[in-house]
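Undergrad: Contents of data11.cif (mmCIF, C-alpha atoms) are below:
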data_final
#
loop_
_atom_site.label_atom_id
_atom_site.label_comp_id
_atom_site.auth_asym_id
_atom_site.auth_seq_id
_atom_site.Cartn_x
_atom_site.Cartn_y
_atom_site.Cartn_z
CA MET A 263 -18.62 -1.81 29.89
CA ARG A 264 -22.26 -1.63 28.87
CA ASP A 265 -22.36 2.00 29.94
CA LEU A 266 -19.28 2.77 27.80
CA ILE A 267 -20.87 1.06 24.80
CA ARG A 268 -24.06 3.06 25.22
CA ARG A 269 -22.13 6.33 25.54
CA ILE A 270 -20.06 5.64 22.41
CA ASP A 271 -23.24 4.99 20.45
CA ALA A 272 -24.93 8.08 21.89
CA VAL A 273 -22.15 10.56 21.03
CA THR A 274 -21.71 9.29 17.45
CA PRO A 275 -23.11 11.88 15.02
CA ALA A 276 -26.22 10.67 13.23
CA GLY A 277 -24.73 11.44 9.82
CA ARG A 278 -21.49 9.54 10.35
CA ASP A 279 -20.95 6.74 7.83
CA ARG A 280 -20.03 3.89 10.14
CA ALA A 281 -19.26 1.61 7.20
CA VAL A 282 -16.24 3.75 6.30
CA ASP A 283 -14.89 3.39 9.83
CA ALA A 284 -15.44 -0.36 9.64
CA LEU A 285 -13.58 -0.59 6.33
CA ARG A 286 -10.66 1.35 7.82
CA ALA A 287 -10.57 -1.00 10.81
CA LEU A 288 -10.66 -4.03 8.51
CA ALA A 289 -7.85 -2.60 6.37
CA VAL A 290 -5.62 -1.93 9.37
CA GLY A 291 -6.42 -5.36 10.80
CA GLY A 292 -5.56 -7.04 7.51
CA VAL A 293 -2.15 -5.36 7.34
CA VAL A 294 -1.34 -6.21 10.96
CA VAL A 295 -2.35 -9.87 10.79
CA GLY A 296 -0.71 -10.21 7.38
CA HIS A 297 2.63 -8.97 8.69
CA TRP A 298 2.40 -11.26 11.69
CA LEU A 299 1.75 -14.28 9.48
CA VAL A 300 4.33 -13.71 6.72
CA THR A 301 7.25 -12.46 8.82
CA ALA A 302 9.39 -14.78 10.91
CA LEU A 303 12.43 -13.88 13.02
CA VAL A 304 14.78 -16.84 12.77
CA LEU A 305 17.78 -17.48 15.01
CA ASP A 306 20.73 -18.33 12.78
CA SER A 307 24.17 -18.83 14.40
CA GLY A 308 23.52 -16.20 17.03
CA THR A 309 22.08 -13.70 14.55
CA VAL A 310 18.43 -12.88 13.90
CA ARG A 311 17.24 -12.79 10.30
CA THR A 312 13.83 -12.45 8.69
CA ALA A 313 12.18 -15.19 6.67
CA SER A 314 8.82 -15.68 5.00
CA PRO A 315 6.69 -18.83 4.87
CA LEU A 316 5.67 -17.80 1.33
CA ARG A 317 9.19 -18.54 0.12
CA SER A 318 9.25 -22.08 1.52
CA MET A 319 5.57 -22.78 0.88
CA PRO A 320 4.51 -20.91 -2.29
CA GLN A 321 1.20 -22.78 -2.22
CA LEU A 322 0.17 -20.39 0.57
CA ALA A 323 0.45 -17.37 -1.74
CA PRO A 324 -3.33 -17.11 -2.36
CA PHE A 325 -3.81 -16.54 1.37
CA SER A 326 -1.90 -13.27 0.99
CA TRP A 327 -4.89 -11.94 -0.94
CA THR A 328 -6.88 -11.87 2.29
CA PHE A 329 -4.40 -9.74 4.22
CA GLN A 330 -3.13 -7.35 1.54
CA THR A 331 -5.73 -4.65 2.27
CA LEU A 332 -3.80 -1.44 1.50
CA ALA A 333 -6.11 -0.55 -1.39
CA VAL A 334 -9.06 -0.43 1.02
CA PHE A 335 -7.11 1.92 3.29
CA PHE A 336 -6.39 4.25 0.35
CA LEU A 337 -10.03 4.02 -0.73
CA VAL A 338 -11.12 5.17 2.73
CA GLY A 339 -8.37 7.79 2.72
CA GLY A 340 -9.70 9.24 -0.53
CA TRP A 341 -13.25 9.28 0.85
CA THR A 342 -12.15 11.01 4.04
CA GLY A 343 -9.82 13.43 2.27
CA ALA A 344 -12.35 14.56 -0.34
CA ARG A 345 -15.12 15.05 2.18
CA GLY A 346 -12.85 16.70 4.73
CA TYR A 347 -11.41 19.12 2.19
CA ALA A 348 -14.86 20.02 0.82
CA SER A 349 -16.11 20.62 4.37
CA ALA A 350 -13.08 22.78 5.20
CA ARG A 351 -13.54 24.90 2.10
CA ALA A 352 -17.23 25.34 2.90
CA ARG A 353 -16.22 26.68 6.33
CA GLY A 354 -13.77 29.11 4.76
CA ARG A 355 -10.57 27.28 5.74
CA THR A 356 -7.64 27.53 3.37
CA TYR A 357 -5.94 24.54 1.77
CA GLY A 358 -2.84 25.18 3.89
CA ARG A 359 -4.73 25.11 7.18
CA TRP A 360 -6.63 22.00 6.20
CA LEU A 361 -3.48 20.16 5.08
CA GLY A 362 -1.59 21.29 8.17
CA GLY A 363 -4.23 19.75 10.40
CA ARG A 364 -4.17 16.49 8.46
CA MET A 365 -0.36 16.30 8.51
CA ALA A 366 -0.29 17.00 12.25
CA ARG A 367 -2.59 14.05 12.89
CA LEU A 368 -0.29 11.83 10.82
CA SER A 369 3.03 13.06 12.22
CA ARG A 370 2.24 13.16 15.96
CA PRO A 371 2.18 9.39 16.53
CA VAL A 372 5.01 8.75 14.05
CA ALA A 373 7.56 10.94 15.84
CA VAL A 374 7.71 8.75 18.93
CA VAL A 375 8.65 5.60 16.98
CA PRO A 376 12.26 6.63 16.11
CA ALA A 377 12.69 8.13 19.58
CA VAL A 378 11.85 4.81 21.23
CA TRP A 379 13.72 2.63 18.75
CA VAL A 380 16.93 4.64 18.92
CA LEU A 381 16.93 3.90 22.64
CA VAL A 382 16.08 0.23 22.03
CA ALA A 383 18.90 -0.09 19.50
CA VAL A 384 21.42 1.44 21.91
CA VAL A 385 20.33 -0.92 24.70
CA LEU A 386 20.53 -3.95 22.40
CA LEU A 387 24.02 -3.06 21.19
CA ALA A 388 25.19 -2.35 24.73
CA SER A 389 23.86 -5.73 25.88
CA GLY A 390 25.87 -7.59 23.25
CA ALA A 391 23.43 -7.96 20.35
CA GLY A 392 25.09 -8.04 16.94
CA LEU A 393 24.88 -5.06 14.59
CA GLU A 394 23.17 -7.20 11.93
CA THR A 395 20.50 -8.34 14.40
CA VAL A 396 19.76 -4.75 15.41
CA ARG A 397 19.65 -3.70 11.76
CA VAL A 398 17.11 -6.44 10.96
CA LEU A 399 14.86 -5.46 13.87
CA VAL A 400 14.99 -1.73 13.13
CA LYS A 401 14.27 -2.35 9.43
CA LEU A 402 11.30 -4.50 10.39
CA VAL A 403 9.84 -1.62 12.40
CA TYR A 404 10.59 1.13 9.88
CA SER A 405 9.84 -0.66 6.59
CA PRO A 406 6.02 -0.30 6.83
CA LEU A 407 6.40 3.48 7.23
CA TRP A 408 6.74 3.92 3.44
CA PHE A 409 2.96 3.65 3.43
CA LEU A 410 2.62 6.81 5.51
CA LEU A 411 4.85 8.80 3.15
CA VAL A 412 2.69 7.79 0.19
CA PHE A 413 -0.50 8.45 2.15
CA ALA A 414 0.75 11.93 3.12
CA ALA A 415 1.62 12.74 -0.50
CA LEU A 416 -1.80 11.63 -1.74
CA THR A 417 -3.49 13.57 1.04
CA ALA A 418 -1.64 16.68 -0.11
CA ALA A 419 -2.89 15.95 -3.65
CA THR A 420 -6.53 15.60 -2.54
CA PRO A 421 -7.80 18.66 -4.49
CA LEU A 422 -6.35 17.11 -7.66
CA ALA A 423 -7.44 13.56 -6.81
CA ALA A 424 -11.00 14.80 -6.26
CA LYS A 425 -11.12 15.84 -9.92
CA LEU A 426 -8.96 13.11 -11.45
CA HIS A 427 -10.59 10.08 -13.06
CA PRO A 428 -9.05 6.82 -11.75
CA LEU A 429 -8.43 5.64 -15.30
CA TRP A 430 -5.57 8.15 -15.71
CA PRO A 431 -3.31 6.78 -12.95
CA PHE A 432 -4.41 3.26 -13.94
CA ALA A 433 -3.22 3.92 -17.50
CA ALA A 434 0.08 5.24 -16.13
CA VAL A 435 0.66 2.01 -14.21
CA ALA A 436 -0.16 -0.08 -17.29
CA LEU A 437 2.26 1.96 -19.41
CA VAL A 438 5.06 1.69 -16.86
CA ASP A 439 4.68 -2.09 -16.64
CA LEU A 440 4.54 -2.40 -20.42
CA VAL A 441 7.82 -0.49 -20.73
CA ARG A 442 9.72 -2.22 -17.94
CA TYR A 443 8.48 -5.79 -18.53
CA GLY A 444 7.39 -5.86 -22.17
CA LEU A 445 10.02 -3.57 -23.71
CA GLY A 446 12.93 -4.19 -21.34
CA GLY A 447 12.91 -0.68 -19.90
CA PRO A 448 14.81 0.32 -16.75
CA ALA A 449 13.60 -1.12 -13.45
CA TRP A 450 13.57 2.30 -11.76
CA LEU A 451 10.50 3.26 -13.82
CA GLY A 452 8.52 0.98 -11.52
CA TRP A 453 8.76 3.50 -8.71
CA ILE A 454 6.40 5.75 -10.63
CA ASN A 455 3.80 3.18 -9.69
CA VAL A 456 4.23 3.92 -5.99
CA ALA A 457 2.30 7.15 -6.58
CA ALA A 458 0.23 6.17 -9.60
CA GLY A 459 -0.74 2.73 -8.30
CA TRP A 460 -2.11 3.89 -4.96
CA LEU A 461 -3.67 6.95 -6.57
CA VAL A 462 -6.16 4.61 -8.26
CA PRO A 463 -7.99 3.54 -5.05
CA TYR A 464 -7.50 7.03 -3.59
CA CYS A 465 -9.29 8.57 -6.59
CA LEU A 466 -12.02 5.93 -6.31
CA GLY A 467 -12.46 6.89 -2.66
CA ALA A 468 -12.57 10.59 -3.54
CA ALA A 469 -15.26 9.89 -6.12
CA TRP A 470 -17.18 7.86 -3.54
CA GLY A 471 -16.86 10.72 -1.04
CA ARG A 472 -18.25 13.19 -3.59
CA GLY A 473 -21.37 11.06 -3.92
CA GLY A 474 -20.31 8.98 -6.91
CA LEU A 475 -19.97 5.20 -7.21
CA ARG A 476 -23.52 4.76 -5.98
CA GLY A 477 -25.40 1.53 -6.51
CA GLY A 478 -24.41 -2.10 -6.44
CA ALA A 479 -23.63 -2.20 -10.17
CA THR A 480 -20.46 -0.11 -9.73
CA GLY A 481 -19.23 -2.38 -6.96
CA TRP A 482 -19.82 -5.48 -9.02
CA VAL A 483 -18.08 -4.01 -12.09
CA LEU A 484 -15.02 -3.12 -10.02
CA LEU A 485 -14.98 -6.46 -8.18
CA LEU A 486 -15.49 -8.74 -11.19
CA GLY A 487 -13.46 -6.63 -13.61
CA GLY A 488 -10.56 -6.29 -11.18
CA ALA A 489 -10.63 -9.98 -10.28
CA ALA A 490 -10.72 -11.07 -13.93
CA ALA A 491 -7.86 -8.75 -14.85
CA THR A 492 -5.78 -9.96 -11.89
CA ALA A 493 -6.37 -13.60 -12.81
CA ALA A 494 -5.34 -12.90 -16.41
CA LEU A 495 -2.20 -11.05 -15.37
CA ILE A 496 -1.17 -13.87 -13.03
CA GLY A 497 -2.14 -16.67 -15.38
CA TRP A 498 -0.82 -15.29 -18.66
CA GLY A 499 1.14 -12.16 -17.82
CA GLY A 500 3.74 -13.77 -15.56
CA TYR A 501 2.93 -11.71 -12.47
CA PRO A 502 3.48 -13.36 -9.05
CA VAL A 503 0.56 -14.94 -7.23
CA ALA A 504 1.52 -13.42 -3.87
CA MET A 505 0.24 -9.89 -3.32
CA VAL A 506 2.93 -9.19 -0.72
CA GLY A 507 6.69 -9.14 -0.97
CA VAL A 508 8.48 -12.50 -0.85
CA PRO A 509 12.22 -12.47 -0.01
CA GLY A 510 14.29 -13.66 -2.95
CA ALA A 511 11.47 -13.37 -5.51
CA ALA A 512 12.44 -11.95 -8.90
CA ILE A 513 9.32 -9.76 -9.05
CA SER A 514 7.33 -8.26 -6.21
CA ASN A 515 3.74 -7.15 -6.70
CA LEU A 516 4.12 -4.62 -3.92
CA ALA A 517 7.59 -3.00 -4.05
CA PRO A 518 6.87 -1.20 -6.28
CA PRO A 519 3.19 -1.91 -7.08
CA THR A 520 2.59 -3.76 -10.32
CA LEU A 521 -0.43 -3.65 -12.61
CA ALA A 522 -1.58 -6.89 -10.97
CA ALA A 523 -1.49 -5.25 -7.53
CA VAL A 524 -3.56 -2.34 -8.87
CA THR A 525 -6.19 -4.55 -10.52
CA PHE A 526 -6.34 -6.58 -7.33
CA GLY A 527 -6.86 -3.33 -5.42
CA VAL A 528 -9.66 -2.35 -7.80
CA ALA A 529 -11.37 -5.66 -7.03
CA GLN A 530 -10.97 -4.97 -3.30
CA CYS A 531 -12.50 -1.51 -3.73
CA GLY A 532 -15.47 -3.09 -5.48
CA ALA A 533 -15.88 -5.56 -2.62
CA ALA A 534 -15.67 -2.68 -0.13
CA LEU A 535 -18.44 -0.78 -1.92
CA LEU A 536 -20.63 -3.89 -1.88
CA LEU A 537 -19.92 -4.44 1.83
CA ALA A 538 -20.77 -0.86 2.80
CA GLY A 539 -24.52 -1.46 2.97
CA PRO A 540 -24.37 -4.64 5.09
CA LEU A 541 -21.78 -3.01 7.35
CA ARG A 542 -24.02 0.00 7.97
CA ARG A 543 -26.81 -2.33 9.02
CA ALA A 544 -24.53 -4.45 11.24
CA LEU A 545 -23.05 -1.40 12.94
CA ARG A 546 -26.42 -0.24 14.16
CA HIS A 547 -25.71 -2.69 16.99
CA PRO A 548 -23.96 -0.69 19.74
CA VAL A 549 -21.46 -3.43 20.61
CA ALA A 550 -20.23 -3.82 17.04
CA TRP A 551 -19.96 -0.07 16.61
CA ALA A 552 -18.07 0.37 19.91
CA VAL A 553 -15.39 -2.09 18.75
CA VAL A 554 -15.00 -0.34 15.38
CA ALA A 555 -14.95 3.12 16.98
CA LEU A 556 -12.25 2.19 19.50
CA VAL A 557 -10.07 0.60 16.79
CA ASN A 558 -10.36 3.76 14.68
CA LEU A 559 -9.35 5.96 17.60
CA SER A 560 -5.99 4.12 17.74
CA ALA A 561 -5.63 3.02 14.11
CA MET A 562 -2.31 4.82 13.59
CA THR A 563 -0.87 3.56 16.86
CA ILE A 564 -1.87 0.00 15.95
CA PHE A 565 -0.20 0.31 12.57
CA LEU A 566 2.98 1.89 13.92
CA TRP A 567 3.57 -0.52 16.80
CA HIS A 568 2.32 -3.90 15.57
CA GLN A 569 5.79 -5.01 14.47
CA THR A 570 7.25 -3.93 17.81
CA ALA A 571 4.62 -6.06 19.55
CA MET A 572 5.68 -9.11 17.52
CA ILE A 573 9.35 -8.42 18.22
CA ALA A 574 8.67 -8.09 21.96
CA VAL A 575 6.91 -11.45 22.15
CA THR A 576 9.65 -13.08 20.08
CA ALA A 577 12.31 -11.61 22.37
CA LEU A 578 10.53 -12.94 25.47
CA GLY A 579 10.53 -16.34 23.81
CA LEU A 580 14.33 -16.27 23.94
CA LEU A 581 14.03 -17.02 27.65
CA ALA A 582 13.26 -20.60 26.68
CA ASP A 583 16.13 -23.06 26.46
CA ALA A 584 15.52 -23.81 22.77
CA PRO A 585 14.03 -22.06 19.73
CA VAL A 586 10.25 -21.81 20.13
CA PRO A 587 8.13 -23.13 17.21
CA GLY A 588 6.34 -20.31 15.46
CA LEU A 589 8.67 -17.69 16.96
CA HIS A 590 12.31 -18.54 16.21
CA THR A 591 12.07 -21.54 13.88
CA VAL A 592 12.32 -21.57 10.08
CA PRO A 593 8.84 -21.10 8.49
CA ASP A 594 9.00 -24.09 6.19
CA SER A 595 6.12 -26.34 7.23
CA SER A 596 2.45 -26.42 8.10
CA GLY A 597 3.52 -26.97 11.70
CA TRP A 598 5.09 -23.51 11.72
CA VAL A 599 1.88 -21.99 10.36
CA LEU A 600 -0.21 -23.63 13.09
CA ALA A 601 2.26 -22.55 15.75
CA ARG A 602 2.28 -18.97 14.45
CA LEU A 603 -1.54 -18.88 14.51
CA ALA A 604 -1.38 -19.96 18.15
CA TRP A 605 0.94 -17.02 18.91
CA LEU A 606 -1.40 -14.38 17.45
CA PRO A 607 -3.26 -13.80 20.78
CA ALA A 608 0.09 -13.08 22.45
CA PHE A 609 0.99 -10.62 19.69
CA LEU A 610 -2.40 -8.96 20.15
CA LEU A 611 -1.90 -8.66 23.91
CA ALA A 612 1.52 -7.06 23.38
CA LEU A 613 -0.03 -4.68 20.84
CA LEU A 614 -2.69 -3.63 23.35
CA VAL A 615 0.10 -2.78 25.79
CA CYS A 616 1.74 -0.64 23.07
CA VAL A 617 -1.58 1.11 22.38
CA ALA A 618 -2.01 1.86 26.07
CA ALA A 619 1.55 3.22 26.27
CA PHE A 620 1.73 5.23 23.05
CA GLY A 621 -1.87 5.93 22.05
CA VAL A 622 -1.79 9.33 23.73
CA HIS A 623 0.53 10.60 20.98
CA GLU A 624 -2.11 9.86 18.35
CA HIS A 625 -4.90 11.61 20.22
CA GLY A 626 -3.03 14.86 20.75
CA ARG A 627 -3.26 17.50 23.42
CA THR A 628 -6.82 18.49 22.64
CA VAL A 629 -8.17 15.15 23.75
CA ARG A 630 -5.62 13.86 26.25
CA GLY A 631 -7.13 12.72 29.48
CA LYS A 632 -10.58 12.42 27.96
CA ARG A 633 -12.67 9.28 27.96
CA PRO A 634 -13.25 7.49 24.64
CA THR A 635 -16.74 8.97 24.39
CA GLN A 636 -15.38 12.49 24.78
CA GLU A 637 -12.69 11.74 22.24
CA LEU A 638 -15.26 10.62 19.70
CA GLU A 639 -17.01 13.95 20.05
CA VAL A 640 -13.76 15.82 19.31
CA ARG A 641 -12.56 13.71 16.39
CA ARG A 642 -14.70 13.84 13.27
CA ALA A 643 -13.47 11.62 10.46
#
Would you put the structure from the file into structure tokens?
TA:
Amino acid sequence: MRDLIRRIDAVTPAGRDRAVDALRALAVGGVVVGHWLVTALVLDSGTVRTASPLRSMPQLAPFSWTFQTLAVFFLVGGWTGARGYASARARGRTYGRWLGGRMARLSRPVAVVPAVWVLVAVVLLASGAGLETVRVLVKLVYSPLWFLLVFAALTAATPLAAKLHPLWPFAAVALVDLVRYGLGGPAWLGWINVAAGWLVPYCLGAAWGRGGLRGGATGWVLLLGGAAATAALIGWGGYPVAMVGVPGAAISNLAPPTLAAVTFGVAQCGAALLLAGPLRRALRHPVAWAVVALVNLSAMTIFLWHQTAMIAVTALGLLADAPVPGLHTVPDSSGWVLARLAWLPAFLLALLVCVAAFGVHEHGRTVRGKRPTQELEVRRA
């Protein structure tokens, strides 16, 4: 293990910004843990349905702020996209070739998910599972994939995003919310915010990648300004406290993104900029960097299979004679929360099994069979 850690540190290019990799790892980790904590599979008269502790215990809504880290992922995506595109152009590569390479890295690990889950669905139906139960499980696996569609679209728009000031998409989100909430406009207008809302952190990341957003002052302005705006929108604007979807809620901050979700994301981007310096210093330690590097090598696989890992552990729990607390019981008490926290190591173990089984599809043919240190030399973020 020590030898592996030393090799990972040795093959890392000197100019690599390790803080960006750490922020990506933190963003993926936040999404994974957040889904595991706010999603329950409840046995109800022989059928499985999803439930959220945030519906029964709205006082937990502020905790969703910790795990709703999508803005950080888009910030890092903008940084990586802008720098990658500029580097490709400097080497004489066309936009088409650059985008094709980026899309291939996104699509390779995604393709295996429907292939596996079609088989799983057939097996479940053949074994007597109800159609509604299968539908709930499949939806749980596929629903996070909307993120990848948006990320792919923004990646394709990188040349534009690199020149676009974040205030333009921010203004678009504000206008859409004013029309649909303040003027009684049609609800479908909100879906404009799916692109415009996530374009805000992506543009911030592109500006960061071009060498802008330097200095602690920018980070503090984004953090404090975004936090103040979010507090005002929640306190006086009627926006929900939870930054994730809550079943049965009249308004969701996430589907589609609201102005409150965007201002919250701006605050997160400011915090990320402020954390970059301390993270760079912390990641000089080979052990810390090895953990971050290995997570980044399988970030897509982790994202794609984390719900499957939770489902697998929940299914194994059915072997018990009665519903298992934190797995099959209604999430309506602090006891459920404590039980779910106790199950997180089991979810993580199942996820590691998924990474071992399906990680090869993320790495691609050019690096299959190589050790992690060799893989790091091939993949340049």
Undergrad: With all atoms listed in the file as the basis for distance, which of A:Arg602, A:His427, A:Arg367, A:Arg286 is at the shortest distance from A:Thr331?
TA: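 Of A:Arg602, A:His427, A:Arg367, A:Arg286, the one nearest A:Thr331 is A:Arg286, counting all atoms listed in the file.
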Undergrad: Excluding A:Arg546 and any residue of its chain fewer than 5 positions from it, enumerate the residues within 9 Å of it, using only C-alpha atoms, and give them as an NGL selection string.
TA: :A and (271 or 280 or 541 or 551)
Undergrad: Do you have the atom CA of A:Arg268-atom CA of A:Ala544 distance handy?
TA: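 Distance between the two atoms: 15.9 Å.
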Undergrad: On this file, the PyMOL selection byres ((chain A and resi 472) around 9) gives some set of residues; write that set as a PyMOL selection string.
TA: chain A and resi 341+344-345+348+424+467-471+473-475
Undergrad: Have a look at A:Ala490, A:Ser369, A:Gln330, A:Gly478 and name the one nearest to A:Val290; count all atoms listed in the file.
TA: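 Of A:Ala490, A:Ser369, A:Gln330, A:Gly478, the one nearest A:Val290 is A:Gln330, counting all atoms listed in the file.
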Undergrad: Evaluate the PyMOL selection byres ((chain A and resi 376) around 12) here and jot the selected residues down as a list of chain:residue names.
TA: A:Ser369, A:Arg370, A:Pro371, A:Val372, A:Ala373, A:Val374, A:Val375, A:Ala377, A:Val378, A:Trp379, A:Val380, A:Leu381, A:Val382, A:Ala383, A:Val400, A:Lys401, A:Val403, A:Tyr404, A:Leu407, A:Leu566, A:Trp567, A:Thr570
Undergrad: I'd like the contact shell of stretch 499-504 of chain A - 10 Å cut-off, all atoms listed in the file, skipping same-chain residues fewer than 6 positions apart - returned as an mmCIF file with C-alpha atoms, keeping the file's coordinate frame.
TA:
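That gives us selection-v2.cif:
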data_model
loop_
_atom_site.group_PDB
_atom_site.id
_atom_site.type_symbol
_atom_site.label_atom_id
_atom_site.label_comp_id
_atom_site.auth_asym_id
_atom_site.auth_seq_id
_atom_site.Cartn_x
_atom_site.Cartn_y
_atom_site.Cartn_z
ATOM 1 C CA LEU A 316 5.670 -17.800 1.330
ATOM 2 C CA PRO A 320 4.510 -20.910 -2.290
ATOM 3 C CA GLN A 321 1.200 -22.780 -2.220
ATOM 4 C CA LEU A 322 0.170 -20.390 0.570
ATOM 5 C CA ALA A 323 0.450 -17.370 -1.740
ATOM 6 C CA PRO A 324 -3.330 -17.110 -2.360
ATOM 7 C CA PHE A 325 -3.810 -16.540 1.370
ATOM 8 C CA SER A 326 -1.900 -13.270 0.990
ATOM 9 C CA TRP A 327 -4.890 -11.940 -0.940
ATOM 10 C CA GLN A 330 -3.130 -7.350 1.540
ATOM 11 C CA TYR A 443 8.480 -5.790 -18.530
ATOM 12 C CA GLY A 444 7.390 -5.860 -22.170
ATOM 13 C CA THR A 492 -5.780 -9.960 -11.890
ATOM 14 C CA ALA A 493 -6.370 -13.600 -12.810
ATOM 15 C CA ALA A 511 11.470 -13.370 -5.510
ATOM 16 C CA ALA A 512 12.440 -11.950 -8.900
ATOM 17 C CA ILE A 513 9.320 -9.760 -9.050
ATOM 18 C CA SER A 514 7.330 -8.260 -6.210
ATOM 19 C CA ASN A 515 3.740 -7.150 -6.700
ATOM 20 C CA LEU A 516 4.120 -4.620 -3.920
ATOM 21 C CA THR A 520 2.590 -3.760 -10.320
ATOM 22 C CA LEU A 521 -0.430 -3.650 -12.610
ATOM 23 C CA ALA A 522 -1.580 -6.890 -10.970
ATOM 24 C CA ALA A 523 -1.490 -5.250 -7.530
#
Undergrad: What is the distance between atom CA of A:Phe526 and atom CA of A:Phe413, in Å to one decimal?
TA: 18.7 Å
Undergrad: Have a look at A:Pro519, A:Ala534, A:Leu580, A:Val524 and name the one nearest to A:Leu485; count only C-alpha atoms.
TA: A:Ala534
Undergrad: Find the residues around A:Ala584 up to 12 Å (all atoms listed in the file counted), leave out those fewer than 6 positions away in its own chain, and share them as a PyMOL selection string.
TA: chain A and resi 305+590-591
Undergrad: Please expand the PyMOL selection byres ((chain A and resi 449) around 12) into the concrete residues it hits in this file, giving the result as a list in words.
TA: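 The output of the PyMOL selection byres ((chain A and resi 449) around 12) on this file is Val438, Asp439, Leu440, Val441, Arg442, Tyr443, Gly444, Leu445, Gly446, Gly447, Pro448, Trp450, Leu451, Gly452, Trp453, Ile454, Asn455, Ala512, Ile513, Ser514, Ala517, Pro518 and Thr520 of chain A.
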Undergrad: Compare A:Val615, A:Leu303, A:Ala287, A:Val483 by their minimum atom-to-atom distance to A:Val557, counting all atoms listed in the file, and give me the closest one.
TA: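 The closest residue to A:Val557 is A:Ala287.
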Undergrad: Please indicate the distance in Å from atom CA of A:Gly277 to atom CA of A:Val338, rounded to one decimal place.
TA: 16.6 Å
Undergrad: Could you tell me which of A:Val304, A:Leu411, A:Gly597, A:Thr420 comes closest to A:Tyr357 if we count all atoms listed in the file?
TA: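 Between A:Val304, A:Leu411, A:Gly597, A:Thr420, the residue approaching A:Tyr357 most closely is A:Thr420.
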Undergrad: Return the single residue from A:Val506, A:Asp283, A:Trp298, A:Val586 that is closest to A:Leu559, with distances computed using all atoms listed in the file.
TA: A:Asp283
Undergrad: N, CA and C atoms are what I want for stretch 425-436 of chain A; can you complete it accordingly and write them as a PDB file, keeping the file's coordinate frame?
TA:
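What ended up in selection.pdb:
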ATOM      1  N   LYS A 425     -10.680  15.541  -8.556  1.00  0.00           N
ATOM      2  CA  LYS A 425     -11.120  15.840  -9.920  1.00  0.00           C
ATOM      3  C   LYS A 425     -10.581  14.854 -10.947  1.00  0.00           C
ATOM      4  N   LEU A 426      -9.647  14.016 -10.524  1.00  0.00           N
ATOM      5  CA  LEU A 426      -8.960  13.110 -11.450  1.00  0.00           C
ATOM      6  C   LEU A 426      -9.715  11.800 -11.604  1.00  0.00           C
ATOM      7  N   HIS A 427      -9.940  11.370 -12.824  1.00  0.00           N
ATOM      8  CA  HIS A 427     -10.590  10.080 -13.060  1.00  0.00           C
ATOM      9  C   HIS A 427      -9.583   8.959 -12.778  1.00  0.00           C
ATOM     10  N   PRO A 428      -9.987   7.897 -12.089  1.00  0.00           N
ATOM     11  CA  PRO A 428      -9.050   6.820 -11.750  1.00  0.00           C
ATOM     12  C   PRO A 428      -8.399   6.154 -12.949  1.00  0.00           C
ATOM     13  N   LEU A 429      -9.014   6.272 -14.125  1.00  0.00           N
ATOM     14  CA  LEU A 429      -8.430   5.640 -15.300  1.00  0.00           C
ATOM     15  C   LEU A 429      -7.085   6.251 -15.683  1.00  0.00           C
ATOM     16  N   TRP A 430      -6.841   7.523 -15.349  1.00  0.00           N
ATOM     17  CA  TRP A 430      -5.570   8.150 -15.710  1.00  0.00           C
ATOM     18  C   TRP A 430      -4.397   7.528 -14.951  1.00  0.00           C
ATOM     19  N   PRO A 431      -4.425   7.461 -13.624  1.00  0.00           N
ATOM     20  CA  PRO A 431      -3.310   6.780 -12.950  1.00  0.00           C
ATOM     21  C   PRO A 431      -3.245   5.297 -13.291  1.00  0.00           C
ATOM     22  N   PHE A 432      -4.398   4.674 -13.547  1.00  0.00           N
ATOM     23  CA  PHE A 432      -4.410   3.260 -13.940  1.00  0.00           C
ATOM     24  C   PHE A 432      -3.654   3.082 -15.264  1.00  0.00           C
ATOM     25  N   ALA A 433      -3.909   3.981 -16.212  1.00  0.00           N
ATOM     26  CA  ALA A 433      -3.220   3.920 -17.500  1.00  0.00           C
ATOM     27  C   ALA A 433      -1.723   4.133 -17.325  1.00  0.00           C
ATOM     28  N   ALA A 434      -1.340   5.009 -16.383  1.00  0.00           N
ATOM     29  CA  ALA A 434       0.080   5.240 -16.130  1.00  0.00           C
ATOM     30  C   ALA A 434       0.768   3.982 -15.619  1.00  0.00           C
ATOM     31  N   VAL A 435       0.106   3.264 -14.723  1.00  0.00           N
ATOM     32  CA  VAL A 435       0.660   2.010 -14.210  1.00  0.00           C
ATOM     33  C   VAL A 435       0.814   0.987 -15.333  1.00  0.00           C
ATOM     34  N   ALA A 436      -0.212   0.868 -16.172  1.00  0.00           N
ATOM     35  CA  ALA A 436      -0.160  -0.080 -17.290  1.00  0.00           C
ATOM     36  C   ALA A 436       0.985   0.257 -18.239  1.00  0.00           C
TER      37      ALA A 436
END
